[in-house]
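Below is coords31.cif, holding mmCIF, C-alpha atoms.
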data_run
loop_
_atom_site.label_atom_id
_atom_site.label_comp_id
_atom_site.auth_asym_id
_atom_site.auth_seq_id
_atom_site.Cartn_x
_atom_site.Cartn_y
_atom_site.Cartn_z
CA MET A 1 56.86 -47.78 145.52
CA SER A 2 59.80 -50.12 145.88
CA VAL A 3 59.59 -53.47 144.14
CA LEU A 4 60.60 -55.06 147.45
CA VAL A 5 57.34 -53.89 149.02
CA THR A 6 55.44 -55.47 146.14
CA TYR A 7 57.31 -58.74 146.55
CA ALA A 8 56.70 -58.65 150.31
CA VAL A 9 52.97 -58.20 149.80
CA LEU A 10 52.97 -60.99 147.21
CA ILE A 11 54.75 -63.39 149.56
CA ILE A 12 52.45 -62.56 152.49
CA THR A 13 49.39 -62.93 150.27
CA ILE A 14 50.48 -66.31 148.94
CA ALA A 15 51.26 -67.43 152.51
CA VAL A 16 47.83 -66.55 153.88
CA ILE A 17 46.16 -68.08 150.83
CA ALA A 18 48.14 -71.26 151.48
CA ILE A 19 46.71 -71.37 155.01
CA VAL A 20 43.15 -71.16 153.64
CA VAL A 21 43.85 -73.76 150.95
CA LEU A 22 45.62 -76.24 153.24
CA ALA A 23 43.35 -75.75 156.24
CA PRO A 24 39.97 -74.50 155.04
CA ALA A 25 38.44 -75.51 158.37
CA VAL A 26 39.93 -72.32 159.88
CA THR A 27 37.20 -70.42 158.05
CA ALA A 28 34.45 -72.07 160.10
CA SER A 29 34.60 -69.46 162.85
CA ARG A 30 33.74 -65.80 162.48
CA GLY A 31 37.38 -64.81 162.79
CA GLY A 32 38.28 -67.42 160.21
CA LYS A 33 35.75 -65.99 157.78
CA ILE A 34 37.28 -62.56 158.18
CA PHE A 35 40.72 -64.09 157.68
CA ALA A 36 39.52 -65.78 154.47
CA PHE A 37 38.09 -62.49 153.22
CA VAL A 38 41.40 -60.74 153.82
CA ALA A 39 43.36 -63.62 152.28
CA LEU A 40 41.19 -64.12 149.21
CA PHE A 41 40.07 -60.59 148.49
CA ILE A 42 41.85 -57.76 150.28
CA PHE A 43 45.45 -58.96 149.97
CA PRO A 44 45.13 -60.14 146.33
CA ALA A 45 43.54 -56.80 145.38
CA LEU A 46 46.39 -54.98 147.11
CA ALA A 47 48.98 -57.18 145.40
CA VAL A 48 47.45 -56.54 141.99
CA ALA A 49 47.35 -52.79 142.63
CA LEU A 50 51.00 -52.75 143.65
CA GLY A 51 52.02 -54.91 140.70
CA TYR A 52 50.10 -52.66 138.34
CA GLN A 53 51.84 -49.61 139.82
CA GLN A 54 55.23 -51.29 139.32
CA HIS A 55 54.50 -52.03 135.68
CA MET A 56 53.17 -48.52 135.07
CA ASP A 57 56.34 -47.03 136.57
CA ARG A 58 58.51 -49.29 134.43
CA SER A 59 56.63 -48.37 131.30
CA LYS A 60 58.03 -44.84 131.67
CA GLU A 61 61.64 -46.08 131.59
CA THR A 62 63.85 -45.67 128.55
CA SER A 63 64.85 -49.33 128.70
CA PHE A 64 61.16 -50.32 128.54
CA CYS A 65 60.65 -48.39 125.31
CA LEU A 66 63.87 -49.68 123.81
CA SER A 67 63.07 -53.31 124.71
CA CYS A 68 61.27 -53.59 121.39
CA HIS A 69 63.62 -54.27 118.50
CA LEU A 70 61.96 -51.65 116.33
CA MET A 71 62.94 -48.90 118.75
CA GLU A 72 66.66 -49.66 118.58
CA PRO A 73 67.46 -46.88 116.04
CA TYR A 74 65.60 -44.38 118.20
CA GLY A 75 67.70 -45.41 121.17
CA ARG A 76 70.85 -45.00 119.10
CA SER A 77 69.74 -41.53 118.01
CA LEU A 78 70.01 -40.42 121.65
CA ARG A 79 73.79 -40.89 121.42
CA VAL A 80 74.44 -39.00 118.22
CA ASP A 81 77.41 -36.66 118.67
CA ASP A 82 75.73 -33.61 117.23
CA PRO A 83 74.21 -30.88 119.42
CA THR A 84 71.72 -29.93 116.71
CA TRP A 85 69.97 -33.28 117.10
CA LEU A 86 67.26 -32.45 119.62
CA PRO A 87 66.77 -35.78 121.39
CA ALA A 88 70.54 -36.36 121.58
CA ALA A 89 71.22 -32.90 123.02
CA HIS A 90 68.49 -33.33 125.62
CA TYR A 91 69.56 -36.84 126.58
CA GLN A 92 73.32 -36.30 126.77
CA ASN A 93 73.07 -33.07 128.73
CA HIS A 94 70.52 -34.41 131.20
CA ARG A 95 67.88 -31.94 130.08
CA VAL A 96 65.56 -34.91 130.39
CA PRO A 97 66.09 -37.73 132.90
CA GLN A 98 68.13 -40.35 131.06
CA ASP A 99 66.17 -43.21 132.61
CA GLU A 100 62.85 -41.70 131.44
CA ALA A 101 64.04 -39.92 128.32
CA CYS A 102 61.35 -41.19 125.98
CA TYR A 103 58.40 -40.63 128.30
CA THR A 104 59.48 -37.07 129.14
CA CYS A 105 58.84 -35.96 125.57
CA HIS A 106 56.22 -38.52 124.55
CA THR A 107 53.79 -38.28 127.44
CA ASP A 108 50.60 -39.28 125.68
CA TYR A 109 51.71 -42.45 123.97
CA VAL A 110 50.08 -45.84 124.40
CA MET A 111 49.41 -46.52 128.09
CA TYR A 112 49.49 -42.86 128.95
CA GLY A 113 47.18 -41.61 126.26
CA SER A 114 43.54 -41.90 125.42
CA ILE A 115 41.67 -45.17 124.95
CA LYS A 116 42.65 -44.98 121.29
CA SER A 117 46.31 -44.63 122.27
CA LYS A 118 46.06 -47.59 124.62
CA TRP A 119 44.53 -49.65 121.83
CA ARG A 120 47.34 -48.59 119.54
CA GLY A 121 49.79 -49.77 122.19
CA LEU A 122 48.26 -53.23 122.05
CA HIS A 123 48.48 -53.12 118.29
CA HIS A 124 52.16 -52.18 118.52
CA VAL A 125 52.88 -55.23 120.67
CA TYR A 126 50.99 -57.39 118.19
CA ALA A 127 52.92 -55.88 115.28
CA GLN A 128 56.24 -56.30 117.07
CA TYR A 129 55.75 -60.04 117.51
CA PHE A 130 53.55 -61.08 114.60
CA LYS A 131 54.29 -58.66 111.79
CA SER A 132 57.41 -57.09 110.38
CA PRO A 133 57.06 -53.36 110.89
CA LYS A 134 59.75 -51.37 109.19
CA PRO A 135 61.30 -48.11 110.32
CA PRO A 136 61.04 -45.19 110.06
CA LEU A 137 57.95 -44.89 112.16
CA HIS A 138 55.54 -42.03 111.81
CA LEU A 139 53.58 -40.13 114.41
CA TYR A 140 49.81 -40.62 114.31
CA GLN A 141 49.36 -36.89 114.82
CA PRO A 142 51.75 -33.91 114.80
CA PHE A 143 54.00 -33.58 117.80
CA ASN A 144 52.26 -31.28 120.26
CA ASN A 145 54.23 -28.29 121.53
CA ARG A 146 52.88 -29.14 124.96
CA GLU A 147 55.62 -31.77 125.17
CA CYS A 148 58.25 -29.05 124.79
CA LEU A 149 56.46 -26.39 126.80
CA HIS A 150 55.95 -28.47 129.92
CA CYS A 151 59.66 -27.87 130.52
CA HIS A 152 60.51 -24.81 128.45
CA LEU A 153 57.52 -22.63 129.24
CA GLY A 154 58.68 -19.88 131.56
CA ALA A 155 62.34 -20.64 131.00
CA ARG A 156 64.41 -17.58 130.29
CA SER A 157 66.12 -18.97 127.22
CA PHE A 158 62.73 -19.75 125.71
CA GLU A 159 60.81 -16.63 126.78
CA GLN A 160 63.61 -14.23 125.86
CA GLY A 161 65.12 -16.06 122.90
CA THR A 162 65.73 -13.66 120.01
CA THR A 163 63.96 -15.79 117.45
CA HIS A 164 60.97 -16.46 119.68
CA THR A 165 60.55 -12.77 120.47
CA ALA A 166 61.30 -11.39 116.99
CA ASP A 167 57.58 -11.15 116.39
CA PRO A 168 54.90 -11.26 119.13
CA GLU A 169 52.84 -13.57 116.98
CA ILE A 170 55.60 -16.18 116.94
CA MET A 171 55.46 -16.71 120.70
CA ALA A 172 51.68 -16.73 120.71
CA ASP A 173 51.59 -19.28 117.88
CA ILE A 174 54.14 -21.49 119.61
CA LYS A 175 52.23 -21.45 122.88
CA SER A 176 48.93 -22.13 121.16
CA ASN A 177 50.46 -24.99 119.13
CA LYS A 178 49.72 -23.21 115.85
CA MET A 179 53.44 -23.13 115.05
CA SER A 180 55.24 -26.39 115.72
CA CYS A 181 58.54 -26.32 117.57
CA LEU A 182 59.72 -29.20 115.44
CA THR A 183 58.50 -28.65 111.91
CA SER A 184 58.88 -24.93 111.39
CA GLY A 185 62.48 -25.19 110.27
CA CYS A 186 63.84 -24.33 113.71
CA HIS A 187 64.24 -27.48 115.81
CA ASP A 188 63.59 -30.09 113.19
CA GLN A 189 66.56 -32.40 113.79
CA VAL A 190 64.84 -35.05 115.84
CA HIS A 191 65.51 -38.79 115.69
CA ASN A 192 66.48 -38.94 111.99
CA THR A 193 66.88 -42.70 112.13
CA THR A 194 67.55 -42.89 108.39
CA LYS A 195 70.76 -40.90 108.83
CA LEU A 196 72.35 -42.84 111.66
CA ASN A 197 74.91 -44.35 109.30
CA GLU A 198 76.24 -40.89 108.49
CA VAL A 199 76.90 -39.57 112.00
CA LYS A 200 79.31 -40.06 114.87
CA PHE A 201 78.20 -41.29 118.29
CA TRP A 202 78.99 -40.17 121.78
CA GLU A 203 80.39 -42.99 123.88
CA GLY A 204 79.82 -41.37 127.25
CA GLN A 205 77.54 -42.64 130.05
CA MET B 1 28.02 -77.53 139.21
CA LYS B 2 28.12 -76.87 142.93
CA PHE B 3 31.19 -77.55 145.02
CA PRO B 4 31.34 -77.95 148.79
CA LEU B 5 32.41 -74.78 150.58
CA THR B 6 35.91 -76.01 151.40
CA GLN B 7 36.51 -77.10 147.84
CA SER B 8 35.35 -73.74 146.52
CA LEU B 9 37.72 -71.96 148.86
CA ARG B 10 40.57 -74.19 147.75
CA ILE B 11 39.84 -73.65 144.07
CA ALA B 12 39.62 -69.89 144.61
CA GLY B 13 42.84 -69.88 146.61
CA VAL B 14 44.75 -71.92 144.06
CA LEU B 15 43.60 -69.73 141.17
CA ILE B 16 44.56 -66.56 143.01
CA ALA B 17 47.92 -68.02 144.01
CA ILE B 18 48.68 -68.96 140.38
CA GLY B 19 47.79 -65.43 139.29
CA LEU B 20 50.05 -63.95 141.95
CA LEU B 21 52.92 -66.22 140.94
CA ILE B 22 52.49 -65.05 137.36
CA GLU B 23 52.53 -61.49 138.63
CA ALA B 24 55.76 -62.12 140.55
CA TRP B 25 57.29 -63.64 137.41
CA THR B 26 56.33 -60.64 135.24
CA LEU B 27 57.95 -58.26 137.71
CA HIS B 28 61.29 -59.52 136.37
CA TRP B 29 60.44 -58.26 132.91
CA ASN B 30 60.85 -54.74 131.67
CA SER B 31 58.91 -54.89 128.43
CA PRO B 32 55.36 -54.39 127.18
CA ILE B 33 54.80 -58.13 126.93
CA GLY B 34 55.44 -58.44 130.67
CA PHE B 35 52.70 -55.93 131.34
CA LEU B 36 50.31 -57.79 129.07
CA VAL B 37 51.07 -61.18 130.64
CA PHE B 38 50.53 -59.65 134.07
CA LEU B 39 47.15 -58.23 133.16
CA GLY B 40 45.97 -60.72 130.58
CA ILE B 41 46.97 -63.99 132.21
CA GLY B 42 47.76 -63.24 135.85
CA GLY B 43 44.87 -60.84 136.12
CA ILE B 44 42.43 -63.38 134.74
CA PHE B 45 43.49 -66.05 137.20
CA ILE B 46 43.23 -63.64 140.13
CA ALA B 47 39.89 -62.25 138.97
CA LEU B 48 38.51 -65.74 138.49
CA GLY B 49 39.66 -66.81 141.93
CA ILE B 50 38.16 -63.75 143.60
CA LEU B 51 34.94 -64.24 141.67
CA ILE B 52 34.66 -67.87 142.77
CA TYR B 53 35.29 -66.82 146.37
CA LEU B 54 32.67 -64.06 146.25
CA LEU B 55 30.14 -66.39 144.60
CA THR B 56 30.86 -68.90 147.35
CA LEU B 57 30.12 -66.22 149.93
CA VAL B 58 26.80 -65.26 148.42
CA SER B 59 25.82 -68.89 147.87
CA LEU B 60 26.16 -69.81 151.52
CA PRO B 61 22.83 -71.06 152.91
CA ALA B 62 21.10 -68.56 155.20
CA LYS B 63 21.17 -69.40 158.92
CA HIS B 64 17.70 -70.07 160.34
CA ASP B 65 17.01 -68.25 163.61
CA SER B 66 15.48 -70.98 165.75
CA SER B 67 14.68 -68.50 168.55
CA ALA B 68 12.32 -66.45 166.32
CA PRO B 69 8.67 -66.76 167.44
CA ASN B 70 6.25 -68.54 165.14
CA SER B 71 3.79 -66.21 163.48
#

Re-express the file's structure as structure tokens.
Amino acid sequence: MSVLVTYAVLIITIAVIAIVVLAPAVTASRGGKIFAFVALFIFPALAVALGYQQHMDRSKETSFCLSCHLMEPYGRSLRVDDPTWLPAAHYQNHRVPQDEACYTCHTDYVMYGSIKSKWRGLHHVYAQYFKSPKPPLHLYQPFNNRECLHCHLGARSFEQGTTHTADPEIMADIKSNKMSCLTSGCHDQVHNTTKLNEVKFWEGQ
Amino acid sequence: MKFPLTQSLRIAGVLIAIGLLIEAWTLHWNSPIGFLVFLGIGGIFIALGILIYLLTLVSLPAKHDSSAPNS
């Protein structure tokens, strides 16, 4: 939903509320009561719903994640000039949308996870502003292969890859999350924020 | 503390309008704090305003039907 629609609804809502506030006598009639109900309940509820949707959409954007100072090294890791670095290779080659790069692989974080994840999100904001958290950050639980498989499952390069098919158990373990894509010695070059001083960066778009 | 109907409507309207202005302001932000200000501050103002309005509605005196026959 375009932000312009949200602003339009906000402006209309404030305008009709202003009518009720400045001329409350209009609510004396039956039609006026209905108008007041629309102005003070229906339109505000709609405006809040649209605003909430806008914020939820923005929370998926890469710039949203990187707005916190602590995430700056992770943003830089997307531009490392090394194809073995998984996030960089995905980001630079548009294997994930660049404007939603973080959310594409981290779909169950904070707002998008369980109640516990949402609570952690609040804690992260608190820590960002009132504490001094230090990188590197650690995952609360191992990275779930689901985040890789929601794109790679069914893809030819994945299903017919020589390493994946060397042993039938390998593929079964990958798909059942028994064998991690990231920590089994295969695709383990992820953000590596402690090594950013040792690498070159890609200056492209 | 009971307010006249018109005053209740005004208070409700002003609270909701403040909440909506806060919402419009947070739409310029692209950070978690914007989301929290929207929900935590704007949302409270709007919720309070709607609550006052709904309480005003249910507190309205009932109309007496003067045409009803006496029992």

Which residue out of B:Leu36, B:Ile22, B:Leu27, B:Val14 has the minimum interatomic distance to Tyr53 of chain B when all atoms listed in the file are used?
B:Val14

Would you kindly translate the PyMOL selection byres ((chain A) within 10 of (chain B)) into the concrete residues it picks from this file, as a PyMOL selection string?
chain A and resi 3+6-7+10-11+13-25+27-28+33+36-37+39-42+44-45+47-48+51-52+54-56+58-59+61+63-68+111+121-122+124-126+129

Which value, in Å to one decimal, gives the distance between atom CA of Tyr91 of chain A and atom CA of Gly185 of chain A?
21.3 Å

Show which residues sit within 6 Å of segment 73-88 of chain A, as a VMD selection string. Count only C-alpha atoms, and ignore same-chain residues fewer than 4 positions away.
chain A and resid 92 189 to 191 193 200 to 202

Write to file, as an mmCIF file, in the frame of the given file, the residues of the selection just made, with C-alpha atoms.
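After the write, again.cif holds the following:
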data_model
loop_
_atom_site.group_PDB
_atom_site.id
_atom_site.type_symbol
_atom_site.label_atom_id
_atom_site.label_comp_id
_atom_site.auth_asym_id
_atom_site.auth_seq_id
_atom_site.Cartn_x
_atom_site.Cartn_y
_atom_site.Cartn_z
ATOM 1 C CA GLN A 92 73.320 -36.300 126.770
ATOM 2 C CA GLN A 189 66.560 -32.400 113.790
ATOM 3 C CA VAL A 190 64.840 -35.050 115.840
ATOM 4 C CA HIS A 191 65.510 -38.790 115.690
ATOM 5 C CA THR A 193 66.880 -42.700 112.130
ATOM 6 C CA LYS A 200 79.310 -40.060 114.870
ATOM 7 C CA PHE A 201 78.200 -41.290 118.290
ATOM 8 C CA TRP A 202 78.990 -40.170 121.780
#

Nearest residue to Gly154 of chain A from the set A:Val5, A:Met71, A:Met171, A:Ala101 (distances using all atoms listed in the file)
A:Met171

Selected by the PyMOL selection byres ((chain A and resi 149) around 10) in the shown coordinates: which residues, as a PyMOL selection string?
chain A and resi 105+144-148+150-155+158+174-175+177+181

Could you jot down the atom CA of Lys60 of chain A to atom CA of Gln98 of chain A separation for me, Å, one decimal place?
11.1 Å

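The gap separating atom CA of Phe35 of chain A from atom CA of Ile12 of chain A is 12.9 Å, in Å to one decimal.
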
Listed atoms of segment 49-54 of chain B boxed axis-aligned with 8 Å per side, centre + edges as lines of an AutoDock Vina configuration file:
center_x = 36.2
center_y = -65.8
center_z = 144.0
size_x = 23.0
size_y = 20.1
size_z = 20.7
